[in-house]
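Structure record follows, encoded as structure tokens.
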Amino acid sequence: MSRVHPQHDTKGAEEARKQLPALVAAAAEGRTTIITRHGRAVAAVVPADSIWPAAKQSPITPIAGTGKGLWGKDSTRSIAKLRDEWSR
């Protein structure tokens, strides 16, 4: 059996359907709305951050140097050859 938390707004399914843009705006502001059908909670409109917390951006320093040798021993010559191919 589903229980509705008293701190959330609650809407019936039909009322929620009619007010969907307002419910989405409320979720964007951080508010949660529980949608009920026949008095039972069946869905929730929640802020996306509560489901997928913002991922901490990782620094790129650990991948430094991973391209070593990618262009051969003389990278300047390899890149010049590629540029020459495009000018033909």
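Residues in the structure tokens are named by chain (A, B, ... in the order shown) and by number from 1 within that chain; ligands are numbered from 1 in the order shown.
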
From a DSSP calculation on the backbone, collect every residue of chain A in strand (DSSP E or B) and output the set as a PyMOL selection string.
chain A and resi 9-12+33-37+40-45

Within 12 Å of Ala27 in chain A, counting only C-alpha atoms, which residues qualify if same-chain residues fewer than 2 places away don't, as an mmCIF file with N, CA and C atoms, in the first residue's frame?
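Full text of part.cif as output:
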data_model
loop_
_atom_site.group_PDB
_atom_site.id
_atom_site.type_symbol
_atom_site.label_atom_id
_atom_site.label_comp_id
_atom_site.auth_asym_id
_atom_site.auth_seq_id
_atom_site.Cartn_x
_atom_site.Cartn_y
_atom_site.Cartn_z
ATOM 1 N N HIS A 8 4.389 16.788 0.777
ATOM 2 C CA HIS A 8 4.279 16.926 -0.671
ATOM 3 C C HIS A 8 2.885 17.409 -1.054
ATOM 4 N N ASP A 9 2.828 18.122 -2.182
ATOM 5 C CA ASP A 9 1.519 18.441 -2.734
ATOM 6 C C ASP A 9 0.926 17.158 -3.290
ATOM 7 N N LEU A 20 -0.647 19.917 -15.645
ATOM 8 C CA LEU A 20 0.709 19.412 -15.868
ATOM 9 C C LEU A 20 1.751 20.516 -16.049
ATOM 10 N N PRO A 21 1.503 21.558 -16.860
ATOM 11 C CA PRO A 21 2.542 22.597 -16.977
ATOM 12 C C PRO A 21 2.898 23.234 -15.627
ATOM 13 N N ALA A 22 1.909 23.461 -14.782
ATOM 14 C CA ALA A 22 2.180 24.032 -13.460
ATOM 15 C C ALA A 22 2.954 23.046 -12.581
ATOM 16 N N LEU A 23 2.660 21.756 -12.704
ATOM 17 C CA LEU A 23 3.374 20.749 -11.916
ATOM 18 C C LEU A 23 4.833 20.649 -12.356
ATOM 19 N N VAL A 24 5.067 20.756 -13.659
ATOM 20 C CA VAL A 24 6.444 20.718 -14.177
ATOM 21 C C VAL A 24 7.201 21.956 -13.692
ATOM 22 N N ALA A 25 6.553 23.107 -13.724
ATOM 23 C CA ALA A 25 7.192 24.329 -13.225
ATOM 24 C C ALA A 25 7.511 24.205 -11.735
ATOM 25 N N GLU A 29 11.225 24.173 -9.701
ATOM 26 C CA GLU A 29 11.530 24.993 -8.529
ATOM 27 C C GLU A 29 11.880 24.148 -7.305
ATOM 28 N N GLY A 30 11.865 22.816 -7.462
ATOM 29 C CA GLY A 30 12.272 21.939 -6.375
ATOM 30 C C GLY A 30 11.147 21.309 -5.580
ATOM 31 N N ARG A 31 9.901 21.510 -6.011
ATOM 32 C CA ARG A 31 8.765 20.940 -5.266
ATOM 33 C C ARG A 31 8.337 19.608 -5.879
ATOM 34 N N THR A 32 7.875 18.725 -5.037
ATOM 35 C CA THR A 32 7.407 17.404 -5.455
ATOM 36 C C THR A 32 5.889 17.350 -5.368
ATOM 37 N N THR A 33 5.260 16.709 -6.354
ATOM 38 C CA THR A 33 3.813 16.518 -6.343
ATOM 39 C C THR A 33 3.521 15.028 -6.499
ATOM 40 N N ILE A 34 2.722 14.505 -5.615
ATOM 41 C CA ILE A 34 2.291 13.116 -5.684
ATOM 42 C C ILE A 34 0.966 13.073 -6.438
ATOM 43 N N ALA A 44 4.712 10.332 -9.162
ATOM 44 C CA ALA A 44 5.222 11.569 -8.564
ATOM 45 C C ALA A 44 5.890 12.401 -9.643
ATOM 46 N N VAL A 45 5.689 13.699 -9.560
ATOM 47 C CA VAL A 45 6.420 14.643 -10.403
ATOM 48 C C VAL A 45 7.457 15.256 -9.473
ATOM 49 N N VAL A 46 8.724 14.934 -9.724
ATOM 50 C CA VAL A 46 9.802 15.334 -8.819
ATOM 51 C C VAL A 46 10.875 16.105 -9.577
ATOM 52 N N PRO A 47 11.658 16.918 -8.889
ATOM 53 C CA PRO A 47 12.783 17.582 -9.540
ATOM 54 C C PRO A 47 13.772 16.532 -10.062
ATOM 55 N N ALA A 48 14.262 16.727 -11.263
ATOM 56 C CA ALA A 48 15.186 15.753 -11.865
ATOM 57 C C ALA A 48 16.437 15.574 -11.018
ATOM 58 N N ASP A 49 16.884 16.614 -10.341
ATOM 59 C CA ASP A 49 18.075 16.504 -9.507
ATOM 60 C C ASP A 49 17.902 15.502 -8.373
ATOM 61 N N SER A 50 16.659 15.244 -7.968
ATOM 62 C CA SER A 50 16.453 14.278 -6.894
ATOM 63 C C SER A 50 16.615 12.843 -7.398
ATOM 64 N N ILE A 51 16.547 12.665 -8.707
ATOM 65 C CA ILE A 51 16.732 11.340 -9.283
ATOM 66 C C ILE A 51 18.171 11.163 -9.770
#

Hey, what's within 9 Å of Ala13 in chain A if we count only C-alpha atoms and toss same-chain stuff fewer than 6 positions away? As a PyMOL selection string, please?
chain A and resi 35-38+42-43

Preceding selection exported with N, CA and C atoms as a compact mmCIF listing (two decimals), in the first residue's frame:
# COMPACT_ATOMS: atom_id res chain seq x y z
N ILE A 35 0.86 12.15 -7.38
CA ILE A 35 -0.38 11.98 -8.14
C ILE A 35 -1.07 10.72 -7.64
N THR A 36 -2.35 10.88 -7.33
CA THR A 36 -3.11 9.76 -6.79
C THR A 36 -4.21 9.33 -7.74
N ARG A 37 -4.60 8.09 -7.59
CA ARG A 37 -5.75 7.55 -8.32
C ARG A 37 -6.58 6.78 -7.29
N HIS A 38 -7.80 7.19 -7.14
CA HIS A 38 -8.69 6.58 -6.15
C HIS A 38 -8.08 6.60 -4.75
N VAL A 42 0.14 6.91 -7.06
CA VAL A 42 0.54 6.08 -8.20
C VAL A 42 1.73 6.65 -8.95
N ALA A 43 2.01 7.95 -8.77
CA ALA A 43 3.11 8.57 -9.49
C ALA A 43 3.57 9.81 -8.74

Residues flagged helix (DSSP H, G or I) by DSSP in range 5-83 of chain A, as a PyMOL selection string:
chain A and resi 13-18+20-28+48-50+61-63+75-83

Just-selected residues, N, CA and C atoms written as an mmCIF file, in the first residue's frame:
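Dumped to out.cif:
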data_model
loop_
_atom_site.group_PDB
_atom_site.id
_atom_site.type_symbol
_atom_site.label_atom_id
_atom_site.label_comp_id
_atom_site.auth_asym_id
_atom_site.auth_seq_id
_atom_site.Cartn_x
_atom_site.Cartn_y
_atom_site.Cartn_z
ATOM 1 N N ALA A 13 -5.355 12.243 -10.363
ATOM 2 C CA ALA A 13 -4.832 12.032 -11.711
ATOM 3 C C ALA A 13 -5.436 12.998 -12.729
ATOM 4 N N GLU A 14 -6.726 13.200 -12.695
ATOM 5 C CA GLU A 14 -7.373 14.092 -13.657
ATOM 6 C C GLU A 14 -6.947 15.541 -13.427
ATOM 7 N N GLU A 15 -6.885 15.948 -12.173
ATOM 8 C CA GLU A 15 -6.462 17.313 -11.842
ATOM 9 C C GLU A 15 -5.002 17.527 -12.277
ATOM 10 N N ALA A 16 -4.159 16.519 -12.064
ATOM 11 C CA ALA A 16 -2.754 16.611 -12.459
ATOM 12 C C ALA A 16 -2.623 16.722 -13.978
ATOM 13 N N ARG A 17 -3.445 15.993 -14.703
ATOM 14 C CA ARG A 17 -3.406 16.058 -16.162
ATOM 15 C C ARG A 17 -3.717 17.475 -16.638
ATOM 16 N N LYS A 18 -4.706 18.092 -16.021
ATOM 17 C CA LYS A 18 -5.101 19.445 -16.410
ATOM 18 C C LYS A 18 -4.052 20.486 -16.004
ATOM 19 N N LEU A 20 -0.647 19.917 -15.645
ATOM 20 C CA LEU A 20 0.709 19.412 -15.868
ATOM 21 C C LEU A 20 1.751 20.516 -16.049
ATOM 22 N N PRO A 21 1.503 21.558 -16.860
ATOM 23 C CA PRO A 21 2.542 22.597 -16.977
ATOM 24 C C PRO A 21 2.898 23.234 -15.627
ATOM 25 N N ALA A 22 1.909 23.461 -14.782
ATOM 26 C CA ALA A 22 2.180 24.032 -13.460
ATOM 27 C C ALA A 22 2.954 23.046 -12.581
ATOM 28 N N LEU A 23 2.660 21.756 -12.704
ATOM 29 C CA LEU A 23 3.374 20.749 -11.916
ATOM 30 C C LEU A 23 4.833 20.649 -12.356
ATOM 31 N N VAL A 24 5.067 20.756 -13.659
ATOM 32 C CA VAL A 24 6.444 20.718 -14.177
ATOM 33 C C VAL A 24 7.201 21.956 -13.692
ATOM 34 N N ALA A 25 6.553 23.107 -13.724
ATOM 35 C CA ALA A 25 7.192 24.329 -13.225
ATOM 36 C C ALA A 25 7.511 24.205 -11.735
ATOM 37 N N ALA A 26 6.608 23.617 -10.974
ATOM 38 C CA ALA A 26 6.841 23.410 -9.538
ATOM 39 C C ALA A 26 8.029 22.476 -9.323
ATOM 40 N N ALA A 27 8.137 21.435 -10.133
ATOM 41 C CA ALA A 27 9.269 20.507 -10.018
ATOM 42 C C ALA A 27 10.577 21.228 -10.350
ATOM 43 N N ALA A 28 10.533 22.111 -11.340
ATOM 44 C CA ALA A 28 11.727 22.876 -11.694
ATOM 45 C C ALA A 28 12.168 23.774 -10.538
ATOM 46 N N ALA A 48 14.262 16.727 -11.263
ATOM 47 C CA ALA A 48 15.186 15.753 -11.865
ATOM 48 C C ALA A 48 16.437 15.574 -11.018
ATOM 49 N N ASP A 49 16.884 16.614 -10.341
ATOM 50 C CA ASP A 49 18.075 16.504 -9.507
ATOM 51 C C ASP A 49 17.902 15.502 -8.373
ATOM 52 N N SER A 50 16.659 15.244 -7.968
ATOM 53 C CA SER A 50 16.453 14.278 -6.894
ATOM 54 C C SER A 50 16.615 12.843 -7.398
ATOM 55 N N THR A 61 43.226 16.140 -15.930
ATOM 56 C CA THR A 61 44.654 15.894 -15.705
ATOM 57 C C THR A 61 45.022 14.411 -15.647
ATOM 58 N N PRO A 62 44.177 13.512 -15.149
ATOM 59 C CA PRO A 62 44.581 12.098 -15.140
ATOM 60 C C PRO A 62 44.754 11.499 -16.538
ATOM 61 N N ILE A 63 44.176 12.106 -17.556
ATOM 62 C CA ILE A 63 44.317 11.531 -18.891
ATOM 63 C C ILE A 63 45.435 12.196 -19.693
ATOM 64 N N SER A 75 55.311 14.078 -35.062
ATOM 65 C CA SER A 75 53.914 14.488 -35.187
ATOM 66 C C SER A 75 53.742 15.641 -36.172
ATOM 67 N N THR A 76 54.714 16.526 -36.269
ATOM 68 C CA THR A 76 54.618 17.661 -37.187
ATOM 69 C C THR A 76 54.521 17.175 -38.625
ATOM 70 N N ARG A 77 55.335 16.209 -38.978
ATOM 71 C CA ARG A 77 55.333 15.664 -40.346
ATOM 72 C C ARG A 77 54.017 14.930 -40.633
ATOM 73 N N SER A 78 53.532 14.154 -39.661
ATOM 74 C CA SER A 78 52.275 13.417 -39.853
ATOM 75 C C SER A 78 51.108 14.367 -40.093
ATOM 76 N N ILE A 79 51.036 15.427 -39.313
ATOM 77 C CA ILE A 79 49.948 16.392 -39.473
ATOM 78 C C ILE A 79 50.082 17.129 -40.800
ATOM 79 N N ALA A 80 51.313 17.469 -41.192
ATOM 80 C CA ALA A 80 51.531 18.143 -42.481
ATOM 81 C C ALA A 80 51.068 17.262 -43.632
ATOM 82 N N LYS A 81 51.325 15.949 -43.550
ATOM 83 C CA LYS A 81 50.869 15.024 -44.600
ATOM 84 C C LYS A 81 49.344 15.009 -44.692
ATOM 85 N N LEU A 82 48.690 14.989 -43.539
ATOM 86 C CA LEU A 82 47.233 14.997 -43.536
ATOM 87 C C LEU A 82 46.698 16.291 -44.150
ATOM 88 N N ARG A 83 47.327 17.414 -43.838
ATOM 89 C CA ARG A 83 46.896 18.685 -44.412
ATOM 90 C C ARG A 83 47.097 18.681 -45.925
#

Two-atom distance - CA of Lys56 in chain A, CA of Leu70 in chain A (Å):
29.3 Å

Pairwise distance for CA of Gly12 in chain A and CA of Gly39 in chain A, rounded to one decimal in Å
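It comes out at 7.7 Å.
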
Find the distance between CA of Ala41 in chain A and CA of Lys11 in chain A and write it in Å to one decimal.
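Pair CA of Ala41 in chain A / CA of Lys11 in chain A returns 9.3 Å.
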